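*Asks:* First the structure, which I've put down as structure tokens, then a few questions once you've had a look.
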Amino acid sequence: MSERKVLNKYIPPDFDPSKIPRRRVPRNSQQVVRLMAPFSMRCNTCGEYIYKGKKFNARKETVEGEDYYGIKIFRFYIKCTLCSAEITFKTDPKNTDYQAEHGASRNFEPWRDEKAVEEDRIAKLEEEENNPMKALENKASDSKREMEILDALQDIRSRNARHERLGASLVDGGGLEKLITLDDDEEDEEARQRRLEEEEDEKLVREVFSKVPSTSSGASASTSGSSSSAVTVKRKAAVLGDTDGPLRPSASTVPKPDPPAKKKREELAASLGIKIVKKQPKKALV
């Protein structure tokens, strides 16, 4: 009995390997392979979840025109287990991973987001090193974001302090009356702060646009020779009298234009060279 696992094979003396017919295979032919899902995904057609490690009979092909430093990229075709919709994904040798391409979306994975954030941070640092203006813009945006965060934190702290005072007042007794008085005090404080801010703004505007040379009461000002006298922009009616007078003329003083003279119909026709023939009245039949 001969051995089952032999290394030497019998080759007849008249064997000619050139006579063996060669099989013509297309250049980019698809192969049927057995694989497991490399990541958890969700079908875009029916919403079915496909977990990582589920086995499929997939078709495999080489992606034309794409490679990563000479490494070939392969595409795989599978079907959804519920609706049989086609799902494709391909290899990603850059990140040593797979990439969902069509028919399904990859589920959320937090470690992938951490990697993306780290890559963005490194790219941002490299860009700032090469461009100082970009670094200045990023610094300004970061400071603005910090100020907004501090303002929001201050609002939260004030709200928490108000809640603590409210809780203490309810525990001590008084209940609704203390609650009403506390709300009134807070409203008064807010109104007082708002009034102070408005007064400060008005004072600043008054200082900036405070004085302009006075043009009204010209006769008295010219005789006295006080050319340095000034008045505020907001003139009071009690001091200057009617404000509409010096600013705009009255309707009675403005001369109205004469209305255009209407030409007679015959003169207009004669100037245009048109002859007007008057119709004769018809005689009544007897």
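Scheme for the structure tokens: letters A, B, ... for chains in order shown; per-chain residue numbers from 1; ligand numbers from 1 in order shown.
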Would you tabulate, counting only C-alpha atoms, all residues of stretch 102-203 of chain A that have an atom at most 10 Å from an atom of stretch 47-57 of chain A, showing the closest pair of atoms and their distance in Å to one decimal, sorted by chain then ascending number, as JSON lines?
*Replies:*
{"residue": "A:Ala104", "atom": "CA", "partner": "A:Gly47", "partner_atom": "CA", "distance": 8.8}
{"residue": "A:Ser105", "atom": "CA", "partner": "A:Gly47", "partner_atom": "CA", "distance": 9.7}
{"residue": "A:Arg106", "atom": "CA", "partner": "A:Ile50", "partner_atom": "CA", "distance": 9.7}
{"residue": "A:Asn107", "atom": "CA", "partner": "A:Tyr49", "partner_atom": "CA", "distance": 9.0}
*Asks:* Dump as CSV the rows for residues of stretch 94-207 of chain A within 10 Å of stretch 26-39 of chain A: closest atom pair and distance in Å with one decimal, only C-alpha atoms counted, ordered by chain and rising residue number.
*Replies:*
residue,atom,partner,partner_atom,distance
A:Asp97,CA,A:Pro38,CA,8.3
A:Tyr98,CA,A:Pro38,CA,6.9
A:Gln99,CA,A:Phe39,CA,9.1
A:Ala100,CA,A:Phe39,CA,9.0
A:Arg106,CA,A:Phe39,CA,7.3
A:Asn107,CA,A:Phe39,CA,8.1
A:Glu109,CA,A:Phe39,CA,9.8
*Asks:* Limited to N, CA and C atoms, could you put the picked residues into a file as a short mmCIF file (atom, residue, chain, number, x, y, z; two decimals), in the first residue's frame?
*Replies:*
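Output (out.cif):
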data_model
loop_
_atom_site.label_atom_id
_atom_site.label_comp_id
_atom_site.auth_asym_id
_atom_site.auth_seq_id
_atom_site.Cartn_x
_atom_site.Cartn_y
_atom_site.Cartn_z
N ASP A 97 -7.41 49.68 8.66
CA ASP A 97 -8.81 49.50 9.00
C ASP A 97 -9.61 49.31 7.72
N TYR A 98 -10.93 49.24 7.86
CA TYR A 98 -11.84 49.15 6.73
C TYR A 98 -12.69 50.42 6.68
N GLN A 99 -13.20 50.72 5.48
CA GLN A 99 -13.97 51.94 5.26
C GLN A 99 -15.29 51.58 4.60
N ALA A 100 -16.41 51.99 5.23
CA ALA A 100 -17.73 51.77 4.64
C ALA A 100 -17.88 52.66 3.41
N ARG A 106 -21.36 53.22 9.16
CA ARG A 106 -20.65 52.64 10.29
C ARG A 106 -21.18 53.20 11.60
N ASN A 107 -21.31 52.36 12.61
CA ASN A 107 -21.81 52.79 13.90
C ASN A 107 -20.77 53.66 14.61
N GLU A 109 -18.11 54.99 17.04
CA GLU A 109 -17.04 54.39 17.81
C GLU A 109 -16.22 55.51 18.42
#
*Asks:* Between A:Thr81, A:Thr88, A:Asn138, A:Thr62, which one has atoms that come closest to A:Cys46, using only C-alpha atoms?
*Replies:*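 So, comparing all the options, the nearest one is A:Thr81.
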*Asks:* Report as a list in words all protein, DNA and RNA residues lying within 12 Å of stretch 110-124 of chain A, evaluated on only C-alpha atoms, omitting residues in the same chain fewer than 5 positions from it.
*Replies:* Asn95, Asp97, Glu129, Asn130, Asn131, Pro132, Lys134, Ala135, Glu137, Asn138 and Lys139 of chain A
*Asks:* For the residues in that selection, give me C-alpha atoms as a PDB file, in the first residue's frame.
*Replies:*
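The result, stored in selection.pdb:
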ATOM      1  CA  ASN A  95      -5.287  53.501   9.039  1.00  0.00           C
ATOM      2  CA  ASP A  97      -8.813  49.499   9.004  1.00  0.00           C
ATOM      3  CA  GLU A 129       4.137  77.039  12.990  1.00  0.00           C
ATOM      4  CA  ASN A 130       4.148  77.896   9.290  1.00  0.00           C
ATOM      5  CA  ASN A 131       1.645  80.783   9.450  1.00  0.00           C
ATOM      6  CA  PRO A 132       1.919  83.291  12.350  1.00  0.00           C
ATOM      7  CA  LYS A 134      -3.214  81.897  11.563  1.00  0.00           C
ATOM      8  CA  ALA A 135      -1.763  81.340  15.034  1.00  0.00           C
ATOM      9  CA  GLU A 137      -6.438  84.168  14.742  1.00  0.00           C
ATOM     10  CA  ASN A 138      -6.617  80.850  16.580  1.00  0.00           C
ATOM     11  CA  LYS A 139      -5.444  82.514  19.797  1.00  0.00           C
TER      12      LYS A 139
END
*Asks:* Using DSSP secondary structure from the backbone, list all helix (DSSP H, G or I) positions within stretch 67-117 of chain A, as number ranges by chain.
*Replies:* A: 110-117
*Asks:* Keeping only C-alpha atoms, write the selected residues as an mmCIF file, in the first residue's frame.
*Replies:*
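As written to disk, again-v9.cif reads:
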data_model
loop_
_atom_site.group_PDB
_atom_site.id
_atom_site.type_symbol
_atom_site.label_atom_id
_atom_site.label_comp_id
_atom_site.auth_asym_id
_atom_site.auth_seq_id
_atom_site.Cartn_x
_atom_site.Cartn_y
_atom_site.Cartn_z
ATOM 1 C CA PRO A 110 -15.587 56.837 20.366
ATOM 2 C CA TRP A 111 -11.931 55.867 19.920
ATOM 3 C CA ARG A 112 -12.114 56.807 16.251
ATOM 4 C CA ASP A 113 -13.261 60.319 17.215
ATOM 5 C CA GLU A 114 -10.369 60.623 19.673
ATOM 6 C CA LYS A 115 -7.937 59.753 16.908
ATOM 7 C CA ALA A 116 -9.541 62.301 14.582
ATOM 8 C CA VAL A 117 -9.345 65.020 17.252
#
*Asks:* State, in Å with one decimal place, the distance from atom CA of A:Lys72 to atom CA of A:Ala58.
*Replies:*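 Calculated distance between atom CA of A:Lys72 and atom CA of A:Ala58 is 18.1 Å.
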*Asks:* Work out how far atom CA of A:Gly167 is from atom CA of A:Asp188, in Å to one decimal.
*Replies:*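 Atom-to-atom, atom CA of A:Asp188 and atom CA of A:Gly167 are spaced 20.3 Å apart.
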*Asks:* How many Å lie between atom CA of A:Gln154 and atom CA of A:Leu166, rounded to one decimal?
*Replies:*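 Separating atom CA of A:Gln154 from atom CA of A:Leu166 is a distance of 18.3 Å.
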*Asks:* DSSP says strand (DSSP E or B) for which residues of stretch 79-202 of chain A? Put them as a VMD selection string?
*Replies:* chain A and resid 79 86 to 92 97 to 102 104 to 106
*Asks:* Residues of the last selection are to be written out with C-alpha atoms, as a compact mmCIF listing (two decimals), in the first residue's frame.
*Replies:*
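Contents of result.txt, as written:
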# COMPACT_ATOMS: atom_id res chain seq x y z
CA LYS A 79 -25.86 41.62 1.22
CA GLU A 86 -26.00 45.34 -1.50
CA ILE A 87 -23.39 46.74 0.92
CA THR A 88 -19.84 47.54 -0.07
CA PHE A 89 -16.75 48.38 1.96
CA LYS A 90 -13.05 48.49 1.14
CA THR A 91 -9.74 48.19 2.88
CA ASP A 92 -7.97 51.23 4.36
CA ASP A 97 -8.81 49.50 9.00
CA TYR A 98 -11.84 49.15 6.73
CA GLN A 99 -13.97 51.94 5.26
CA ALA A 100 -17.73 51.77 4.64
CA GLU A 101 -18.41 52.77 1.06
CA HIS A 102 -22.04 52.21 0.02
CA ALA A 104 -24.46 50.98 5.10
CA SER A 105 -23.18 53.47 7.64
CA ARG A 106 -20.65 52.64 10.29
